[in-house]
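Here is the file final-v4.txt (compact mmCIF, C-alpha atoms and all ligand atoms).
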```txt
# COMPACT_ATOMS: atom_id res chain seq x y z
CA MET A 1 106.73 118.22 100.98
CA ALA A 2 108.86 120.84 99.28
CA VAL A 3 107.56 124.30 98.42
CA GLU A 4 108.77 127.02 96.12
CA PRO A 5 107.31 130.49 95.86
CA GLY A 6 105.27 131.26 92.75
CA ARG A 7 106.61 133.84 90.35
CA GLY A 8 104.79 137.14 90.41
CA ASN A 9 101.23 136.47 91.55
CA ALA A 10 101.37 132.75 90.74
CA PRO A 11 100.58 130.31 93.54
CA ALA A 12 103.34 128.49 95.41
CA HIS A 13 104.52 125.25 93.90
CA TYR A 14 104.41 122.07 95.97
CA THR A 15 106.24 118.81 95.38
CA LEU A 16 105.52 115.73 97.45
CA ARG A 17 108.58 113.63 98.20
CA ALA A 18 107.91 110.04 99.21
CA GLY A 19 111.02 107.87 99.03
CA THR A 20 112.41 108.36 95.55
CA GLN A 21 109.02 109.48 94.19
CA ARG A 22 108.47 113.12 93.31
CA LEU A 23 104.91 114.20 92.75
CA ASP A 24 103.97 117.61 91.36
CA LEU A 25 101.01 118.41 93.62
CA ASN A 26 99.91 121.49 91.69
CA ALA A 27 99.36 119.20 88.71
CA CYS A 28 97.18 116.91 90.90
CA LEU A 29 94.63 119.59 91.82
CA GLY A 30 91.07 118.46 91.13
CA ARG A 31 92.19 114.83 90.87
CA PRO A 32 91.97 111.88 93.23
CA LEU A 33 94.90 111.26 95.54
CA ARG A 34 95.48 108.34 97.86
CA LEU A 35 98.07 108.12 100.63
CA SER A 36 98.63 104.81 102.41
CA TRP A 37 100.84 104.52 105.47
CA SER A 38 102.60 101.15 105.76
CA GLY A 39 102.85 101.40 109.55
CA ALA A 40 106.60 102.05 109.44
CA ILE A 41 108.27 105.23 110.71
CA ALA A 42 111.95 105.96 110.08
CA CYS A 43 113.78 108.67 112.05
CA THR A 44 114.52 111.55 109.69
CA HIS A 45 117.91 112.04 111.30
CA CYS A 46 119.41 108.56 111.76
CA GLY A 47 117.02 106.44 109.69
CA ARG A 48 116.38 103.91 112.45
CA ALA A 49 112.90 102.46 112.74
CA THR A 50 110.85 103.95 115.54
CA ARG A 51 107.40 102.93 116.76
CA LYS A 52 106.44 106.49 117.48
CA SER A 53 107.59 109.78 116.01
CA PHE A 54 108.99 112.35 118.44
CA GLY A 55 109.20 116.06 117.62
CA GLN A 56 107.76 115.52 114.12
CA GLY A 57 110.01 112.86 112.69
CA TYR A 58 112.68 111.75 115.16
CA CYS A 59 113.35 108.56 117.11
CA TYR A 60 113.48 109.01 120.88
CA PRO A 61 117.32 108.94 121.22
CA CYS A 62 117.68 111.62 118.49
CA PHE A 63 114.87 113.66 120.01
CA LYS A 64 116.74 113.71 123.34
CA ARG A 65 120.18 114.28 121.84
CA LEU A 66 119.87 116.72 118.93
CA ALA A 67 120.13 120.46 119.45
CA GLN A 68 117.42 120.97 116.81
CA CYS A 69 114.96 119.13 119.11
CA ASP A 70 115.79 121.21 122.20
CA THR A 71 113.24 123.61 123.71
CA CYS A 72 115.47 126.59 122.91
CA ILE A 73 114.70 126.12 119.21
CA VAL A 74 111.04 126.92 119.85
CA LYS A 75 111.90 129.44 122.59
CA PRO A 76 115.21 130.91 121.40
CA GLU A 77 115.33 133.37 124.29
CA LEU A 78 116.21 130.28 126.37
CA CYS A 79 119.40 129.66 124.34
CA HIS A 80 121.97 128.16 126.74
CA TYR A 81 124.99 128.07 124.44
CA TYR A 82 126.94 130.49 126.63
CA GLU A 83 126.39 128.25 129.63
CA GLY A 84 128.32 125.57 127.78
CA THR A 85 125.30 123.27 127.70
CA CYS A 86 124.32 123.42 124.02
CA ARG A 87 123.55 119.85 122.96
CA GLU A 88 125.61 120.31 119.78
CA PRO A 89 127.67 123.52 119.90
CA GLU A 90 128.87 123.20 116.31
CA TRP A 91 125.34 122.76 115.00
CA GLY A 92 124.31 125.75 117.13
CA GLU A 93 127.05 127.88 115.63
CA ARG A 94 125.91 127.01 112.12
CA HIS A 95 122.17 127.42 112.71
CA CYS A 96 121.65 129.81 115.59
CA PHE A 97 124.58 132.18 115.25
CA GLN A 98 123.37 133.32 111.86
CA PRO A 99 121.44 136.39 110.74
CA HIS A 100 117.78 136.05 111.64
CA VAL A 101 114.75 138.05 110.63
CA VAL A 102 111.85 139.09 112.81
CA TYR A 103 108.76 139.39 110.64
CA LEU A 104 105.08 140.14 110.75
CA ALA A 105 102.80 137.84 108.82
CA ASN A 106 99.15 137.30 108.17
CA ALA A 107 98.17 133.64 108.11
CA SER A 108 94.97 133.88 110.17
CA GLY A 109 95.45 137.43 111.43
CA LEU A 110 98.47 139.39 112.57
CA LYS A 111 101.34 137.34 113.97
CA VAL A 112 105.01 137.79 114.73
CA GLY A 113 107.64 135.22 113.84
CA ILE A 114 111.35 134.70 113.46
CA THR A 115 113.38 132.77 110.95
CA ARG A 116 116.86 132.42 109.64
CA ALA A 117 117.37 134.98 106.88
CA THR A 118 117.99 132.15 104.39
CA GLN A 119 114.56 130.61 105.16
CA VAL A 120 112.64 133.58 103.71
CA PRO A 121 110.10 133.09 102.08
CA THR A 122 109.91 129.30 102.67
CA ARG A 123 109.05 129.78 106.33
CA TRP A 124 106.07 131.98 105.43
CA LEU A 125 104.80 129.47 102.89
CA ASP A 126 105.13 126.72 105.53
CA GLN A 127 102.81 128.71 107.75
CA GLY A 128 100.28 129.40 105.05
CA ALA A 129 100.80 133.15 105.38
CA VAL A 130 99.13 135.27 102.70
CA GLN A 131 101.17 138.35 103.55
CA ALA A 132 104.53 138.85 105.23
CA LEU A 133 106.87 141.70 106.04
CA PRO A 134 110.43 141.45 107.38
CA VAL A 135 110.70 144.02 110.19
CA LEU A 136 114.06 143.60 111.92
CA ALA A 137 117.36 141.92 111.15
CA VAL A 138 119.31 140.52 114.08
CA GLU A 139 122.60 138.66 114.47
CA SER A 140 121.51 135.45 116.17
CA ARG A 141 118.55 133.25 116.95
CA GLN A 142 118.67 134.20 120.61
CA GLN A 143 118.44 137.92 119.78
CA ALA A 144 115.50 137.15 117.51
CA GLY A 145 113.92 135.36 120.47
CA PHE A 146 114.31 138.39 122.73
CA VAL A 147 112.78 140.67 120.08
CA GLU A 148 109.92 138.22 119.56
CA VAL A 149 109.23 138.18 123.30
CA LEU A 150 108.80 141.97 123.14
CA PHE A 151 106.39 141.70 120.21
CA LYS A 152 104.42 138.94 121.90
CA GLU A 153 103.26 141.42 124.53
CA THR A 154 100.91 142.77 121.85
CA VAL A 155 100.90 140.32 118.94
CA SER A 156 100.30 136.59 118.80
CA ASP A 157 102.99 134.23 117.53
CA ARG A 158 100.41 131.57 116.69
CA THR A 159 98.39 130.74 113.64
CA ASN A 160 94.80 129.61 113.90
CA TRP A 161 95.29 126.78 111.41
CA ARG A 162 91.56 126.20 110.97
CA ALA A 163 90.99 129.80 109.90
CA MET A 164 94.13 129.60 107.73
CA LEU A 165 92.76 126.49 105.99
CA LYS A 166 89.30 127.95 105.52
CA GLY A 167 90.89 130.86 103.68
CA GLU A 168 89.06 133.27 105.97
CA VAL A 169 91.84 135.79 106.17
CA ALA A 170 91.22 139.53 105.84
CA PRO A 171 94.09 141.50 104.29
CA LEU A 172 96.15 143.64 106.67
CA ASP A 173 98.25 146.76 106.25
CA LEU A 174 101.43 145.16 107.58
CA ALA A 175 103.53 148.31 107.10
CA ALA A 176 101.12 150.27 109.30
CA GLU A 177 101.16 147.46 111.90
CA ARG A 178 104.96 147.51 111.83
CA ASP A 179 105.12 151.27 112.38
CA ARG A 180 102.62 151.07 115.22
CA LEU A 181 104.50 148.21 116.91
CA LEU A 182 107.97 149.69 116.47
CA ALA A 183 106.81 152.94 118.07
CA ARG A 184 105.31 151.05 120.95
CA LEU A 185 108.34 148.77 121.49
CA ASP A 186 110.92 151.49 121.05
CA SER A 187 112.29 151.43 124.60
CA GLY A 188 112.37 147.63 124.73
CA LEU A 189 114.37 147.54 121.50
CA ALA A 190 116.71 150.25 122.83
CA ASN A 191 117.39 148.04 125.86
CA LEU A 192 118.29 145.12 123.62
CA ARG A 193 120.64 147.32 121.59
CA GLU A 194 122.37 148.42 124.81
CA ARG A 195 122.97 144.79 125.53
CA PHE A 196 123.95 143.47 122.10
CA GLY A 197 125.33 146.55 120.36
CA HIS A 198 123.72 149.16 118.16
CA GLU A 199 124.35 147.34 114.92
CA ALA A 200 122.96 144.06 116.24
CA ILE A 201 119.26 144.87 115.91
CA ARG A 202 118.44 146.76 112.73
CA ILE A 203 115.08 148.01 111.53
CA LEU A 204 114.50 146.97 107.92
CA ASP A 205 112.80 149.07 105.30
CA GLU A 206 111.15 146.39 103.20
CA ARG A 207 107.83 146.02 101.47
CA ALA A 208 105.21 143.47 102.39
CA VAL A 209 104.95 140.48 100.09
CA SER A 210 101.79 138.61 99.13
CA LEU A 211 101.78 134.84 98.89
CA ALA A 212 99.28 132.71 96.98
CA TYR A 213 98.50 129.00 97.25
CA PRO A 214 97.24 126.40 94.82
CA VAL A 215 93.70 126.01 96.18
CA LEU A 216 90.63 125.33 94.04
CA GLU A 217 88.22 125.32 96.93
CA TYR A 218 88.55 125.99 100.67
CA PRO A 219 86.78 123.65 103.12
CA ARG A 220 83.77 125.05 104.97
CA LYS A 221 84.28 122.69 107.85
CA ILE A 222 87.65 121.29 108.89
CA VAL A 223 87.99 117.54 109.34
CA SER A 224 91.50 116.25 110.01
CA HIS A 225 92.97 113.02 108.73
CA ASN A 226 95.42 111.20 110.96
CA PHE A 227 97.51 108.22 109.79
CA ASP A 228 97.76 106.96 113.37
CA LYS A 229 93.99 106.43 113.37
CA HIS A 230 93.38 105.61 109.71
CA PRO A 231 96.42 104.63 107.63
CA GLU A 232 94.49 105.20 104.37
CA VAL A 233 93.75 108.77 103.34
CA SER A 234 92.08 109.47 100.05
CA GLY A 235 90.00 112.09 98.34
CA MET A 236 89.91 114.69 95.63
CA LEU A 237 92.78 117.16 96.03
CA HIS A 238 91.26 120.62 96.42
CA GLY A 239 94.43 122.43 97.38
CA VAL A 240 97.70 122.73 99.25
CA LYS A 241 98.34 125.44 101.83
CA GLY A 242 101.06 125.68 104.46
CA GLN A 243 101.90 122.11 105.39
CA TYR A 244 98.44 120.83 104.64
CA LEU A 245 96.83 118.92 101.83
CA ILE A 246 93.20 119.95 101.43
CA LEU A 247 91.15 116.99 100.20
CA ASP A 248 87.39 116.89 99.75
CA SER A 249 87.41 114.25 102.52
CA GLY A 250 89.40 116.35 105.00
CA VAL A 251 92.79 117.96 105.55
CA ILE A 252 96.11 116.40 106.53
CA ASN A 253 99.14 118.07 108.05
CA LEU A 254 101.99 116.30 106.29
CA ARG A 255 104.69 117.84 108.49
CA LYS A 256 103.19 116.01 111.45
CA PHE A 257 103.84 112.70 109.69
CA THR A 258 107.42 113.32 108.61
CA GLY A 259 109.27 109.99 108.58
CA TYR A 260 106.12 107.92 107.97
CA GLU A 261 106.52 105.46 105.11
CA VAL A 262 103.70 106.44 102.81
CA GLU A 263 102.74 105.15 99.40
CA VAL A 264 101.20 107.77 97.14
CA ALA A 265 98.83 107.05 94.27
CA ALA A 266 97.71 109.93 92.07
ZN ZN A 301 117.14 108.90 115.15
```

Rewrite the structure from the file as structure tokens, please.
Ligand SMILES: [Zn+2]
Amino acid sequence: MAVEPGRGNAPAHYTLRAGTQRLDLNACLGRPLRLSWSGAIACTHCGRATRKSFGQGYCYPCFKRLAQCDTCIVKPELCHYYEGTCREPEWGERHCFQPHVVYLANASGLKVGITRATQVPTRWLDQGAVQALPVLAVESRQQAGFVEVLFKETVSDRTNWRAMLKGEVAPLDLAAERDRLLARLDSGLANLRERFGHEAIRILDERAVSLAYPVLEYPRKIVSHNFDKHPEVSGMLHGVKGQYLILDSGVINLRKFTGYEVEVAA
């Protein structure tokens, strides 16, 4: 599923990609949608058939071999490039040794997150955030990880996806939260600057952005569809938020089923 931010206050725009098909999901709101999984899964990296999907879309050999499937991607503070053990040093140089942003977002309450600078605002839309504010710019993924670890002493890095999908999200003053947190983490950030250089970790002066989603109606109760249990998923499309389709019959996290061969009928 591809997402583009809406212009102005317009909701984000979602396109479902299944094989060569492209389906404009915003145009399908309020209409029936049926997804049928054939039972086949193809690794998103090498294309080989796999009976089970590892790490959201990979075959087992790729999952064990690729740097993007390593634990240090989820916990960048564990980056081991300098130990000479990066699974794919060249990939690491392209993806991890790039400017990253540490941000605050509101998807189901206040959370901290990190992303490559080029992934803003896609990353926020992927999380179903309704507000986001870039707080710090850093030089690498590992530095972003260290900063995030500091923030995690007081702020969660998780989203309560059920609350996110129910649309029960109270607006926050992210700028005030930023100021409060930066004051509190001042000495921790100073320590990181000692280590990485004064220019490495910069406080940004940006404004919070609001993000809207194409949702006609939020579910009151969350029921999840799962292709592994029922290969047929159908219902009236009530909305799209984060990586989820919201159908009147339940929700489905499409990211979880990356690589699944699915036929779509709208
Ligand atoms: Zn593979």

Any idea what's packed within 10 Å of Asn226 of chain A, counting all atoms listed in the file, ignoring anything in its chain fewer than 5 positions away? Could you give it as a PyMOL selection string? chain A and resi 231-233+250-254+256-257

Using all atoms listed in the file, find the one residue out of A:Cys59, A:Leu35, A:Ala18, A:Ala2 that sits nearest to ligand ZN 301 (chain A).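 Comparing A:Cys59, A:Leu35, A:Ala18, A:Ala2 against ligand ZN 301 (chain A), the winner is A:Cys59.
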
Hey, could you make a per-residue contact list for chain A against ligand ZN 301 (chain A) with 7 Å as the cut-off, showing the nearest pair of atoms and its distance in Å to one decimal, counting only C-alpha atoms and all ligand atoms, sorted by chain and number, as CSV?
```
residue,atom,partner,partner_atom,distance
A:Cys43,CA,A:ZN301,ZN,4.6
A:Thr44,CA,A:ZN301,ZN,6.6
A:His45,CA,A:ZN301,ZN,5.0
A:Cys46,CA,A:ZN301,ZN,4.1
A:Gly47,CA,A:ZN301,ZN,6.0
A:Arg48,CA,A:ZN301,ZN,5.7
A:Tyr58,CA,A:ZN301,ZN,5.3
A:Cys59,CA,A:ZN301,ZN,4.3
A:Tyr60,CA,A:ZN301,ZN,6.8
A:Pro61,CA,A:ZN301,ZN,6.1
A:Cys62,CA,A:ZN301,ZN,4.3
```

Could those residues be written to a file, using C-alpha atoms, as a short mmCIF file (atom, residue, chain, number, x, y, z; two decimals), in the coordinates of the input?
```cif
data_model
loop_
_atom_site.label_atom_id
_atom_site.label_comp_id
_atom_site.auth_asym_id
_atom_site.auth_seq_id
_atom_site.Cartn_x
_atom_site.Cartn_y
_atom_site.Cartn_z
CA CYS A 43 113.78 108.67 112.05
CA THR A 44 114.52 111.55 109.69
CA HIS A 45 117.91 112.04 111.30
CA CYS A 46 119.41 108.56 111.76
CA GLY A 47 117.02 106.44 109.69
CA ARG A 48 116.38 103.91 112.45
CA TYR A 58 112.68 111.75 115.16
CA CYS A 59 113.35 108.56 117.11
CA TYR A 60 113.48 109.01 120.88
CA PRO A 61 117.32 108.94 121.22
CA CYS A 62 117.68 111.62 118.49
#
```

Top pick for closest residue to Glu88 of chain A, considering A:Met1, A:Ile114, A:Cys69, A:Leu16 and counting all atoms listed in the file: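 The closest residue to Glu88 of chain A is A:Cys69.
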
Determine the nearest neighbour of Gln131 of chain A from the options A:Ser234, A:Gln56, A:Asn106, A:Thr118, counting all atoms listed in the file.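 Distance minimum relative to Gln131 of chain A lands on A:Asn106.
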